[in-house]
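What follows is a set of notes on a single structure, which appears directly below.
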Amino acid sequence: MAEKYELKDIEGVGPATVSKLEDAGFYSVESIAVAPIKELMDKSGISFDTATKIAEAARQLIKIDFITAKELWNRRQSMMRISMGCKSLNELLGGGIETQAMTEYWGEYSTGKCISKDSVVATATGPRLADQLMVGDPLCEIDNMYKVSLGKTVHKFAQEVGESIAIRTSGGFSIVCSPQHRFYTLNSEAELEEIEAKDIKEKRWLAVARRIPHSHIEIPLPQPPETGDRQATKYRFPTKMTVDLAKILGYLASEGSMNWKQKSCTIVFTNKNEDLRKEYIRCFQQVFGGSPHSPPSHPDDLMVSSILIGEWLLTLMPSLKSEGGKRGCKLLPPQVITAGSDETKALLQAYFDGDGWAKRDSPQIELYSSYRPLLDQLRFLLLKLGIYSRTHRRVLTISGEYAFKFAKEVGSDRSDNVEKFGKWKLTPQNLKKDVIPIKRITFHKLASLLALNSDNPVWMKWLRNYLNGRACPSRNTLLEITSRLRKFMALMTESGFQHAEKADVIIDRLQRLAEGDLAWERVLSVKCHEKPVEMIDFQVNPNHNYIVNGFVTHNSQLCMKLSIMVQLPFESGGLNGRALFVDTEGTFSPQRVYQMAQAMGLEPEKILENIVYARCYNSDHQALIVDHAFKLCQEENVKLVVVDSITSHWRADYVGRENLSERQQKLNNHLHKLLRLAEILNLAVVVTNQVQANPATFFGDPNRPAGGNVLAHASTHRVLLRKSKGNMRMAKITDSPCLPSDSEAFFAITEKGVEDTQIKEKNGGKEE
């Protein structure tokens, strides 16, 4: 074993110099030996001559200046490897990820779980088409408490998929996705479990969102039109979204239209109800100062003739000019989609009054539109108020307790609707429609954990008919069950009886499901289509899921598997060490690591405890973290350093060709520090890299790894990741001093991380 030296053992280094060097971040003889002379001078404040002498003495002490090839061979024998948990990848990399080296992954990091580009994704600014979303957009996601929160899009990928699956559920939710796209269902312990689209069968329950956080984002309204026309003085134009303006937009979206001729514009709202007509006139006068009127030839129409108001409304809501009049393809403006609670209620009330219906004898409300994107917007606004709805063709239906909530919080200006609301009664039958698909075996497990016989009269009374599999408990019933179980367990504890701790875990899950923001819809049909479809894939942080077409869906990441594998014992492919994860884009997800560890049969809390996490916010911060990593890795037994991604901040902080030279110099220095870290401490460094397009490429693949020659020369091994057929991924060696160039391996990403997959290659028309 090599002898261990300290700074004081270096010739010419006294206590004062030791203190200076340690303050500058140099804690070992090795760090002095490999540091550039200029860096020693700049950081520690010592002179050039002193720095040169100290560096030479350190190199002589650990004998790194000149060695024989045999000594180098012996040193290489100390190199270790971290298993990828996948035989094909291990073989590709010569046995696993090397220590004393830097391995770079570049290409497509997504796991192939993608959606058609015309899918509707829920964001903080409203429902948006998938192909219109950009990196950085705030998407709605589910956290570990089953509550909807706002995440951030950190990656977006586009690809053509040869096979797609169309799923349709009972609530009118439908989606076209890849066979590997993952949805959420419930397992036998009331825990959220992922299921791939290709494994979904009819009658399976899938999770959808029943509530979305109400984020109030004020978007400026269009500026008033500039004109010298005297007629303009009789109108005024609002400067911010108000309740009255929201109502006008709701009326126009439901029963409004705009008629343009060569030199005139008429804004029309059509409705026979007198209550509604009075309210529309009041709102219009309040907002614009003008008064709509009904001509004798069109007594049901309320009209305002004004080019100025028409131009302003078109700037705000361009779809008003669409063909088809009041039944045209109208969409609500973003200013009202992101408005406050009062404005949201006002718009929904106006739309319901204009183009809605309420049942007389039971709580049910329907909103109508022949344009599905408008129904998606209305559903989003309802979810902001915690009102869950279902669609069927051209109808948005609200029933049960959600209809009661609409009647109470949104209401109506029509006296006939108010009369209907007053006759409704909330009965247990109304509450049974909002079910949570708890499996029968879950209740049997609970009975066993609580030392109860499943045919115990009290147990049977509490659960009624949920033990025979004929029904699922409603949300309200599940809350009652969890409340009774907690009281029963408290009495048991007072009486000196003990129960299994796992019972508390399952009951906690049941309560989170009952109080959370998830609803459940049953699958009606699953159809596979074997034709190419262009699809979009996202990586959303921090919870790695997002809401699309109402469904809650999952996405994953590759590099976290290594942070788990390095902790395993040597015989299992690990190094018995910890991992340092340097996160430049907010891509690290402890929830994902927890899931992987559980799927591998490991202790998730222990795995998370052994991952040292560092979030950096710019290139200088990233460089500083690596400077401090030398001491940290020695003290904390770190055997793997992950930087995800290596070039992100450098590309953001040094924009423009004039800053390219400085960026590359600093990036080069940063990369060589990582290499020195790997070689001196015998640990593995893994970096991910972004892809950039080369506009000068006319033939072949224009994509190349970012960072230029600096990163190309620094990386010991470069591995390209690319999507393959179905759920497979391809890894290809693009540069390595010892591994066969252009060699490939196929793998799949699952809940355990990366795993082997079966592939049949065709060679001359013959399968091997």
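Ordering of the structure tokens sets the chain letters (A, B, ...); residue numbers start at 1 within each chain; ligands are numbered from 1 in the order shown.
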
DSSP says strand (DSSP E) for which residues of range 439-648 of chain A? Put them as a PyMOL selection string? chain A and resi 518-529+533-541+545-548+551-554+578-583+611-615+638-644

I need the residues from that last selection saved to file as a short mmCIF file (atom, residue, chain, number, x, y, z; two decimals), in the first residue's frame (with N, CA and C atoms), if you can.
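As a result, result_19.cif now contains:
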data_model
loop_
_atom_site.label_atom_id
_atom_site.label_comp_id
_atom_site.auth_asym_id
_atom_site.auth_seq_id
_atom_site.Cartn_x
_atom_site.Cartn_y
_atom_site.Cartn_z
N LEU A 518 -55.71 13.71 -6.97
CA LEU A 518 -55.88 12.70 -8.01
C LEU A 518 -57.31 12.20 -8.06
N ALA A 519 -57.84 12.08 -9.27
CA ALA A 519 -59.10 11.36 -9.50
C ALA A 519 -58.76 10.14 -10.34
N TRP A 520 -59.74 9.26 -10.54
CA TRP A 520 -59.46 7.99 -11.22
C TRP A 520 -60.50 7.73 -12.29
N GLU A 521 -60.03 7.37 -13.46
CA GLU A 521 -60.91 7.06 -14.58
C GLU A 521 -60.61 5.66 -15.11
N ARG A 522 -61.66 4.97 -15.54
CA ARG A 522 -61.53 3.60 -16.01
C ARG A 522 -61.31 3.57 -17.52
N VAL A 523 -60.39 2.72 -17.97
CA VAL A 523 -60.04 2.62 -19.38
C VAL A 523 -61.17 1.93 -20.15
N LEU A 524 -61.61 2.57 -21.23
CA LEU A 524 -62.65 1.99 -22.08
C LEU A 524 -62.07 1.25 -23.27
N SER A 525 -60.98 1.80 -23.84
CA SER A 525 -60.38 1.15 -25.00
C SER A 525 -58.90 1.47 -25.10
N VAL A 526 -58.14 0.51 -25.64
CA VAL A 526 -56.71 0.68 -25.91
C VAL A 526 -56.46 0.15 -27.32
N LYS A 527 -56.04 1.04 -28.22
CA LYS A 527 -55.83 0.63 -29.61
C LYS A 527 -54.41 0.95 -30.04
N CYS A 528 -53.80 -0.03 -30.72
CA CYS A 528 -52.43 0.11 -31.19
C CYS A 528 -52.44 0.46 -32.68
N HIS A 529 -51.59 1.44 -33.07
CA HIS A 529 -51.50 1.85 -34.47
C HIS A 529 -50.05 1.74 -34.93
N VAL A 533 -45.50 8.26 -36.09
CA VAL A 533 -46.15 9.43 -35.49
C VAL A 533 -45.07 10.31 -34.87
N GLU A 534 -45.12 11.61 -35.15
CA GLU A 534 -44.18 12.54 -34.53
C GLU A 534 -44.63 12.82 -33.10
N MET A 535 -43.71 12.64 -32.15
CA MET A 535 -44.06 12.78 -30.74
C MET A 535 -43.08 13.67 -30.00
N ILE A 536 -43.52 14.10 -28.82
CA ILE A 536 -42.75 15.00 -27.96
C ILE A 536 -42.51 14.33 -26.62
N ASP A 537 -41.32 14.54 -26.06
CA ASP A 537 -41.00 14.00 -24.74
C ASP A 537 -40.44 15.14 -23.88
N PHE A 538 -40.79 15.14 -22.60
CA PHE A 538 -40.32 16.18 -21.68
C PHE A 538 -39.63 15.56 -20.48
N GLN A 539 -38.70 16.31 -19.92
CA GLN A 539 -38.18 15.99 -18.59
C GLN A 539 -38.56 17.14 -17.68
N VAL A 540 -39.35 16.82 -16.64
CA VAL A 540 -39.91 17.84 -15.75
C VAL A 540 -39.38 17.60 -14.34
N ASN A 541 -38.91 18.64 -13.71
CA ASN A 541 -38.39 18.55 -12.35
C ASN A 541 -39.22 19.44 -11.42
N ASN A 545 -42.91 14.13 -13.38
CA ASN A 545 -44.17 13.74 -14.00
C ASN A 545 -44.87 15.01 -14.48
N TYR A 546 -45.84 14.87 -15.33
CA TYR A 546 -46.60 16.03 -15.79
C TYR A 546 -47.99 15.60 -16.20
N ILE A 547 -48.88 16.58 -16.34
CA ILE A 547 -50.29 16.32 -16.63
C ILE A 547 -50.55 16.63 -18.10
N VAL A 548 -50.97 15.61 -18.84
CA VAL A 548 -51.22 15.77 -20.27
C VAL A 548 -52.58 15.17 -20.59
N PHE A 551 -54.37 13.26 -17.89
CA PHE A 551 -53.66 12.15 -17.26
C PHE A 551 -52.42 12.63 -16.52
N VAL A 552 -52.10 11.94 -15.43
CA VAL A 552 -50.82 12.17 -14.76
C VAL A 552 -49.85 11.13 -15.30
N THR A 553 -48.77 11.59 -15.94
CA THR A 553 -47.82 10.69 -16.58
C THR A 553 -46.42 10.93 -16.05
N HIS A 554 -45.54 9.96 -16.26
CA HIS A 554 -44.22 9.96 -15.63
C HIS A 554 -43.11 10.05 -16.67
N ARG A 578 -19.71 6.43 -1.59
CA ARG A 578 -20.80 7.37 -1.75
C ARG A 578 -20.70 8.06 -3.11
N ALA A 579 -21.73 8.81 -3.45
CA ALA A 579 -21.77 9.53 -4.72
C ALA A 579 -21.91 11.02 -4.46
N LEU A 580 -21.25 11.83 -5.29
CA LEU A 580 -21.42 13.28 -5.29
C LEU A 580 -22.13 13.65 -6.58
N PHE A 581 -23.32 14.24 -6.47
CA PHE A 581 -24.13 14.61 -7.64
C PHE A 581 -24.13 16.13 -7.76
N VAL A 582 -23.43 16.66 -8.77
CA VAL A 582 -23.38 18.10 -9.03
C VAL A 582 -24.47 18.40 -10.06
N ASP A 583 -25.49 19.12 -9.62
CA ASP A 583 -26.70 19.33 -10.41
C ASP A 583 -26.71 20.75 -10.96
N ILE A 611 -25.88 9.83 -0.92
CA ILE A 611 -25.68 10.68 -2.10
C ILE A 611 -25.50 12.11 -1.63
N VAL A 612 -24.33 12.67 -1.87
CA VAL A 612 -24.04 14.06 -1.51
C VAL A 612 -24.47 14.93 -2.70
N TYR A 613 -25.35 15.88 -2.44
CA TYR A 613 -25.96 16.66 -3.52
C TYR A 613 -25.46 18.10 -3.48
N ALA A 614 -25.15 18.64 -4.66
CA ALA A 614 -24.73 20.04 -4.77
C ALA A 614 -25.44 20.67 -5.96
N ARG A 615 -26.25 21.67 -5.71
CA ARG A 615 -26.95 22.40 -6.78
C ARG A 615 -26.15 23.66 -7.09
N VAL A 638 -16.21 9.29 -1.17
CA VAL A 638 -16.93 9.42 -2.43
C VAL A 638 -16.17 8.67 -3.52
N LYS A 639 -16.87 7.80 -4.24
CA LYS A 639 -16.24 7.00 -5.30
C LYS A 639 -16.83 7.32 -6.68
N LEU A 640 -17.84 8.19 -6.72
CA LEU A 640 -18.43 8.58 -8.00
C LEU A 640 -18.81 10.06 -7.94
N VAL A 641 -18.38 10.81 -8.95
CA VAL A 641 -18.78 12.21 -9.10
C VAL A 641 -19.56 12.34 -10.40
N VAL A 642 -20.81 12.81 -10.30
CA VAL A 642 -21.66 13.02 -11.47
C VAL A 642 -21.87 14.52 -11.65
N VAL A 643 -21.64 15.02 -12.87
CA VAL A 643 -21.93 16.41 -13.19
C VAL A 643 -22.99 16.40 -14.30
N ASP A 644 -24.17 16.88 -13.99
CA ASP A 644 -25.31 16.82 -14.92
C ASP A 644 -25.94 18.22 -15.06
#

Spatial neighbours of Leu667 in chain A, 9 Å, only C-alpha atoms, chain gap at least 4 places, as a list in words: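 Here the answer would be Ser619, Ala623, Thr647, Trp650, Glu662, Arg663, Leu671, His672, Gly707, Val710 and Leu711 of chain A.
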
Take the residues just selected and output them with C-alpha atoms as an mmCIF file, in the first residue's frame.
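Printed below is out13.cif as written:
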data_model
loop_
_atom_site.group_PDB
_atom_site.id
_atom_site.type_symbol
_atom_site.label_atom_id
_atom_site.label_comp_id
_atom_site.auth_asym_id
_atom_site.auth_seq_id
_atom_site.Cartn_x
_atom_site.Cartn_y
_atom_site.Cartn_z
ATOM 1 C CA SER A 619 -20.278 28.428 -14.110
ATOM 2 C CA ALA A 623 -16.010 25.522 -10.653
ATOM 3 C CA THR A 647 -21.657 22.476 -20.319
ATOM 4 C CA TRP A 650 -20.752 27.657 -19.509
ATOM 5 C CA GLU A 662 -12.522 32.767 -22.523
ATOM 6 C CA ARG A 663 -15.267 30.171 -22.077
ATOM 7 C CA LEU A 671 -12.455 19.592 -16.898
ATOM 8 C CA HIS A 672 -8.834 18.947 -15.992
ATOM 9 C CA GLY A 707 -18.100 21.877 -25.623
ATOM 10 C CA VAL A 710 -11.850 21.006 -25.223
ATOM 11 C CA LEU A 711 -14.413 18.512 -23.949
#

Test item, helix (DSSP H, G or I) assignment across range 318-532 of chain A, answer as a VMD selection string: chain A and resid 318 to 321 325 to 327 334 to 337 341 to 355 372 to 384 401 to 409 415 to 423 428 to 431 440 to 449 457 to 463 475 to 494 501 to 515

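Residues in contact range of Leu660 in chain A, defined as at most 10 Å between only C-alpha atoms, with sequence neighbours fewer than 5 positions away removed, read Trp650, Arg651, Tyr654, Val655 and Gln665 of chain A.
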
Would you mind exporting the chosen residues as an mmCIF file, in the first residue's frame, restricted to C-alpha atoms?
data_model
loop_
_atom_site.group_PDB
_atom_site.id
_atom_site.type_symbol
_atom_site.label_atom_id
_atom_site.label_comp_id
_atom_site.auth_asym_id
_atom_site.auth_seq_id
_atom_site.Cartn_x
_atom_site.Cartn_y
_atom_site.Cartn_z
ATOM 1 C CA TRP A 650 -20.752 27.657 -19.509
ATOM 2 C CA ARG A 651 -22.964 28.007 -22.589
ATOM 3 C CA TYR A 654 -20.530 33.042 -22.109
ATOM 4 C CA VAL A 655 -22.839 33.955 -24.972
ATOM 5 C CA GLN A 665 -10.162 28.254 -21.428
#

Pick out the closest residue to Ala597 in chain A from this set: A:Ser370, A:Gln567, A:Asn682, A:Gln622. Count only C-alpha atoms. A:Gln567
